[in-house]
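Engineer: Data: my_file.pdb, PDB, C-alpha atoms.
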```
ATOM      1  CA  HIS A   1     -13.315  -0.495  55.966  1.00  0.00           C
ATOM      2  CA  GLN A   2     -10.400  -2.864  55.974  1.00  0.00           C
ATOM      3  CA  VAL A   3      -7.679  -4.007  58.349  1.00  0.00           C
ATOM      4  CA  SER A   4      -4.505  -5.902  57.514  1.00  0.00           C
ATOM      5  CA  LEU A   5      -1.905  -7.211  59.956  1.00  0.00           C
ATOM      6  CA  ARG A   6       1.443  -8.738  59.091  1.00  0.00           C
ATOM      7  CA  GLY A   7       3.957 -10.344  61.364  1.00  0.00           C
ATOM      8  CA  GLY A   8       7.090 -12.371  61.070  1.00  0.00           C
ATOM      9  CA  TYR A   9       9.274 -14.249  63.483  1.00  0.00           C
ATOM     10  CA  ASP A  10      12.633 -15.968  63.163  1.00  0.00           C
ATOM     11  CA  LEU A  11      12.251 -19.326  64.909  1.00  0.00           C
ATOM     12  CA  ASN A  12      16.009 -19.896  64.590  1.00  0.00           C
ATOM     13  CA  GLU A  13      18.840 -18.944  62.223  1.00  0.00           C
ATOM     14  CA  ARG A  14      17.339 -20.979  59.353  1.00  0.00           C
ATOM     15  CA  THR A  15      13.580 -20.952  59.951  1.00  0.00           C
ATOM     16  CA  GLN A  16      11.072 -18.111  59.691  1.00  0.00           C
ATOM     17  CA  VAL A  17       7.306 -17.935  60.023  1.00  0.00           C
ATOM     18  CA  ASP A  18       5.148 -15.150  58.566  1.00  0.00           C
ATOM     19  CA  VAL A  19       1.464 -14.481  59.248  1.00  0.00           C
ATOM     20  CA  ILE A  20      -0.789 -12.186  57.239  1.00  0.00           C
ATOM     21  CA  ALA A  21      -4.364 -11.554  58.382  1.00  0.00           C
ATOM     22  CA  ALA A  22      -6.899  -9.328  56.635  1.00  0.00           C
ATOM     23  CA  TRP A  23     -10.516  -8.293  57.149  1.00  0.00           C
ATOM     24  CA  VAL A  24     -12.551  -6.331  54.616  1.00  0.00           C
ATOM     25  CA  ASP A  25     -15.999  -4.919  55.346  1.00  0.00           C
ATOM     26  CA  GLU A  26     -18.867  -5.638  52.997  1.00  0.00           C
ATOM     27  CA  LEU A  27     -19.675  -3.564  49.947  1.00  0.00           C
ATOM     28  CA  PRO A  28     -23.477  -3.408  50.242  1.00  0.00           C
ATOM     29  CA  GLY A  29     -25.172  -5.235  47.391  1.00  0.00           C
ATOM     30  CA  ALA A  30     -21.854  -6.294  45.864  1.00  0.00           C
ATOM     31  CA  VAL A  31     -19.435  -8.196  48.127  1.00  0.00           C
ATOM     32  CA  GLU A  32     -19.871  -9.726  51.580  1.00  0.00           C
ATOM     33  CA  ASP A  33     -17.324  -9.000  54.297  1.00  0.00           C
ATOM     34  CA  TRP A  34     -14.495 -11.498  54.540  1.00  0.00           C
ATOM     35  CA  VAL A  35     -11.510 -12.601  56.604  1.00  0.00           C
ATOM     36  CA  ARG A  36      -8.346 -14.082  55.162  1.00  0.00           C
ATOM     37  CA  LEU A  37      -5.325 -15.683  56.814  1.00  0.00           C
ATOM     38  CA  ASP A  38      -2.038 -16.603  55.125  1.00  0.00           C
ATOM     39  CA  LEU A  39       0.716 -18.582  56.873  1.00  0.00           C
ATOM     40  CA  VAL A  40       4.221 -19.036  55.491  1.00  0.00           C
ATOM     41  CA  LEU A  41       6.947 -21.274  56.920  1.00  0.00           C
ATOM     42  CA  SER A  42      10.382 -20.926  55.346  1.00  0.00           C
ATOM     43  CA  TRP A  43      13.483 -23.032  56.020  1.00  0.00           C
ATOM     44  CA  ARG A  44      16.943 -22.327  54.645  1.00  0.00           C
ATOM     45  CA  ALA A  45      18.599 -25.726  54.192  1.00  0.00           C
ATOM     46  CA  ASN A  46      21.918 -24.142  53.180  1.00  0.00           C
ATOM     47  CA  GLU A  47      23.188 -20.983  51.488  1.00  0.00           C
ATOM     48  CA  ALA A  48      21.821 -22.119  48.126  1.00  0.00           C
ATOM     49  CA  THR A  49      18.518 -23.804  49.062  1.00  0.00           C
ATOM     50  CA  ARG A  50      15.348 -22.499  50.672  1.00  0.00           C
ATOM     51  CA  VAL A  51      12.136 -24.513  51.192  1.00  0.00           C
ATOM     52  CA  THR A  52       8.876 -22.620  51.715  1.00  0.00           C
ATOM     53  CA  LEU A  53       5.474 -23.993  52.700  1.00  0.00           C
ATOM     54  CA  ALA A  54       2.573 -21.571  52.400  1.00  0.00           C
ATOM     55  CA  ALA A  55      -1.105 -21.877  53.290  1.00  0.00           C
ATOM     56  CA  GLN A  56      -3.027 -19.064  51.600  1.00  0.00           C
ATOM     57  CA  GLY A  57      -6.612 -17.927  51.785  1.00  0.00           C
ATOM     58  CA  LEU A  58      -7.528 -19.719  54.993  1.00  0.00           C
ATOM     59  CA  PHE A  59     -11.082 -18.745  56.071  1.00  0.00           C
ATOM     60  CA  HIS A  60     -11.608 -17.182  52.623  1.00  0.00           C
ATOM     61  CA  ASP A  61     -12.361 -19.807  49.998  1.00  0.00           C
ATOM     62  CA  GLY A  62     -14.027 -18.860  46.730  1.00  0.00           C
ATOM     63  CA  GLU A  63     -15.514 -15.594  47.931  1.00  0.00           C
ATOM     64  CA  ARG A  64     -15.576 -12.510  45.759  1.00  0.00           C
ATOM     65  CA  GLU A  65     -13.076  -9.831  46.675  1.00  0.00           C
ATOM     66  CA  PHE A  66     -14.310  -7.236  44.173  1.00  0.00           C
ATOM     67  CA  PRO A  67     -17.636  -6.828  42.385  1.00  0.00           C
ATOM     68  CA  SER A  68     -17.871  -7.119  38.602  1.00  0.00           C
ATOM     69  CA  GLY A  69     -17.107  -3.875  36.820  1.00  0.00           C
ATOM     70  CA  VAL A  70     -14.598  -2.720  39.435  1.00  0.00           C
ATOM     71  CA  LEU A  71     -11.065  -3.385  38.232  1.00  0.00           C
ATOM     72  CA  GLY A  72     -12.448  -5.714  35.547  1.00  0.00           C
ATOM     73  CA  ASN A  73     -14.264  -8.982  36.199  1.00  0.00           C
ATOM     74  CA  ALA A  74     -15.241 -10.227  39.647  1.00  0.00           C
ATOM     75  CA  SER A  75     -12.220 -11.504  41.536  1.00  0.00           C
ATOM     76  CA  GLU A  76     -12.451 -14.690  43.585  1.00  0.00           C
ATOM     77  CA  THR A  77      -9.749 -16.426  45.550  1.00  0.00           C
ATOM     78  CA  GLU A  78      -9.425 -20.043  46.594  1.00  0.00           C
ATOM     79  CA  ALA A  79      -7.630 -21.466  49.593  1.00  0.00           C
ATOM     80  CA  GLY A  80      -4.484 -23.374  48.797  1.00  0.00           C
ATOM     81  CA  VAL A  81      -1.307 -24.906  50.115  1.00  0.00           C
ATOM     82  CA  PHE A  82       1.925 -24.462  48.199  1.00  0.00           C
ATOM     83  CA  LEU A  83       5.421 -25.877  48.447  1.00  0.00           C
ATOM     84  CA  LYS A  84       8.271 -23.967  46.856  1.00  0.00           C
ATOM     85  CA  ILE A  85      11.939 -24.923  46.633  1.00  0.00           C
ATOM     86  CA  ASP A  86      14.451 -22.257  45.633  1.00  0.00           C
ATOM     87  CA  TRP A  87      17.917 -23.345  44.594  1.00  0.00           C
ATOM     88  CA  ARG A  88      20.550 -20.844  43.547  1.00  0.00           C
ATOM     89  CA  PRO A  89      23.912 -22.341  42.621  1.00  0.00           C
TER
END
```
Is it possible to express this structure as structure tokens?

Structural biologist:
Amino acid sequence: HQVSLRGGYDLNERTQVDVIAAWVDELPGAVEDWVRLDLVLSWRANEATRVTLAAQGLFHDGEREFPSGVLGNASETEAGVFLKIDWRP
């Protein structure tokens, strides 16, 4: 079993927030159940520049998402925070 929810909200004309939450039930003998939360805050400074701050994998740090042998090697994710600046002249 698995559930995924996504939501987004425009805080104002230049700022958006997105939330992605997921829960996956355990695969007996292979992978424990897990919960993951991603948060993304995006700000458009002007028509050419966008700044994005993302926190990914909250509540889900270094846990296996798939067992070995399924879709290749075991897949693990780590929590992280990222800053991205897009500039398009």

Engineer: With only C-alpha atoms as the atoms that count, which of A:Leu53, A:Val81, A:Val40, A:Leu58 lies nearest to Val19 of chain A?

Structural biologist: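 Once distances to Val19 of chain A are computed over only C-alpha atoms, the minimum belongs to A:Val40.
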
Engineer: Any chance you could resolve the PyMOL selection byres ((chain A and resi 20-30) around 8) against this file and give the residues as a PyMOL selection string?

Structural biologist: chain A and resi 1-7+18-19+31-39+66-67

Engineer: Which residues come within 10 Å of Leu41 of chain A, counting all atoms listed in the file, excluding same-chain residues fewer than 5 positions away, as a list in words?

Structural biologist: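 Selected residues are Gly8, Tyr9, Asp10, Leu11, Thr15, Gln16, Val17, Asp18, Val19, Val51, Thr52, Leu53, Ala54, Ala55 and Leu83 of chain A.
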
Engineer: Any chance you can output those residues with C-alpha atoms as a PDB file, in the coordinates of the input?

Structural biologist:
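Contents of the output file out.pdb:
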```
ATOM      1  CA  GLY A   8       7.090 -12.371  61.070  1.00  0.00           C
ATOM      2  CA  TYR A   9       9.274 -14.249  63.483  1.00  0.00           C
ATOM      3  CA  ASP A  10      12.633 -15.968  63.163  1.00  0.00           C
ATOM      4  CA  LEU A  11      12.251 -19.326  64.909  1.00  0.00           C
ATOM      5  CA  THR A  15      13.580 -20.952  59.951  1.00  0.00           C
ATOM      6  CA  GLN A  16      11.072 -18.111  59.691  1.00  0.00           C
ATOM      7  CA  VAL A  17       7.306 -17.935  60.023  1.00  0.00           C
ATOM      8  CA  ASP A  18       5.148 -15.150  58.566  1.00  0.00           C
ATOM      9  CA  VAL A  19       1.464 -14.481  59.248  1.00  0.00           C
ATOM     10  CA  VAL A  51      12.136 -24.513  51.192  1.00  0.00           C
ATOM     11  CA  THR A  52       8.876 -22.620  51.715  1.00  0.00           C
ATOM     12  CA  LEU A  53       5.474 -23.993  52.700  1.00  0.00           C
ATOM     13  CA  ALA A  54       2.573 -21.571  52.400  1.00  0.00           C
ATOM     14  CA  ALA A  55      -1.105 -21.877  53.290  1.00  0.00           C
ATOM     15  CA  LEU A  83       5.421 -25.877  48.447  1.00  0.00           C
TER      16      LEU A  83
END
```

Engineer: At a cut-off of 8 Å around the point (23.1, -22.7, 47.0) (file coordinates), what residues fall inside when counting all atoms listed in the file? I'd like the answer as a PyMOL selection string.

Structural biologist: chain A and resi 46-49+87-89

Engineer: When the PyMOL selection byres ((chain A and resi 79) around 6) is applied to the file above, which residues end up in the set, as a PDB file with C-alpha atoms, in the coordinates of the input?

Structural biologist:
```pdb
ATOM      1  CA  GLN A  56      -3.027 -19.064  51.600  1.00  0.00           C
ATOM      2  CA  GLY A  57      -6.612 -17.927  51.785  1.00  0.00           C
ATOM      3  CA  LEU A  58      -7.528 -19.719  54.993  1.00  0.00           C
ATOM      4  CA  ASP A  61     -12.361 -19.807  49.998  1.00  0.00           C
ATOM      5  CA  GLU A  78      -9.425 -20.043  46.594  1.00  0.00           C
ATOM      6  CA  GLY A  80      -4.484 -23.374  48.797  1.00  0.00           C
TER       7      GLY A  80
END
```

Engineer: Find the residues around Asn12 of chain A up to 12 Å (all atoms listed in the file counted), leave out those fewer than 6 positions away in its own chain, and share them as a ChimeraX atom specification.

Structural biologist: /A:41-44
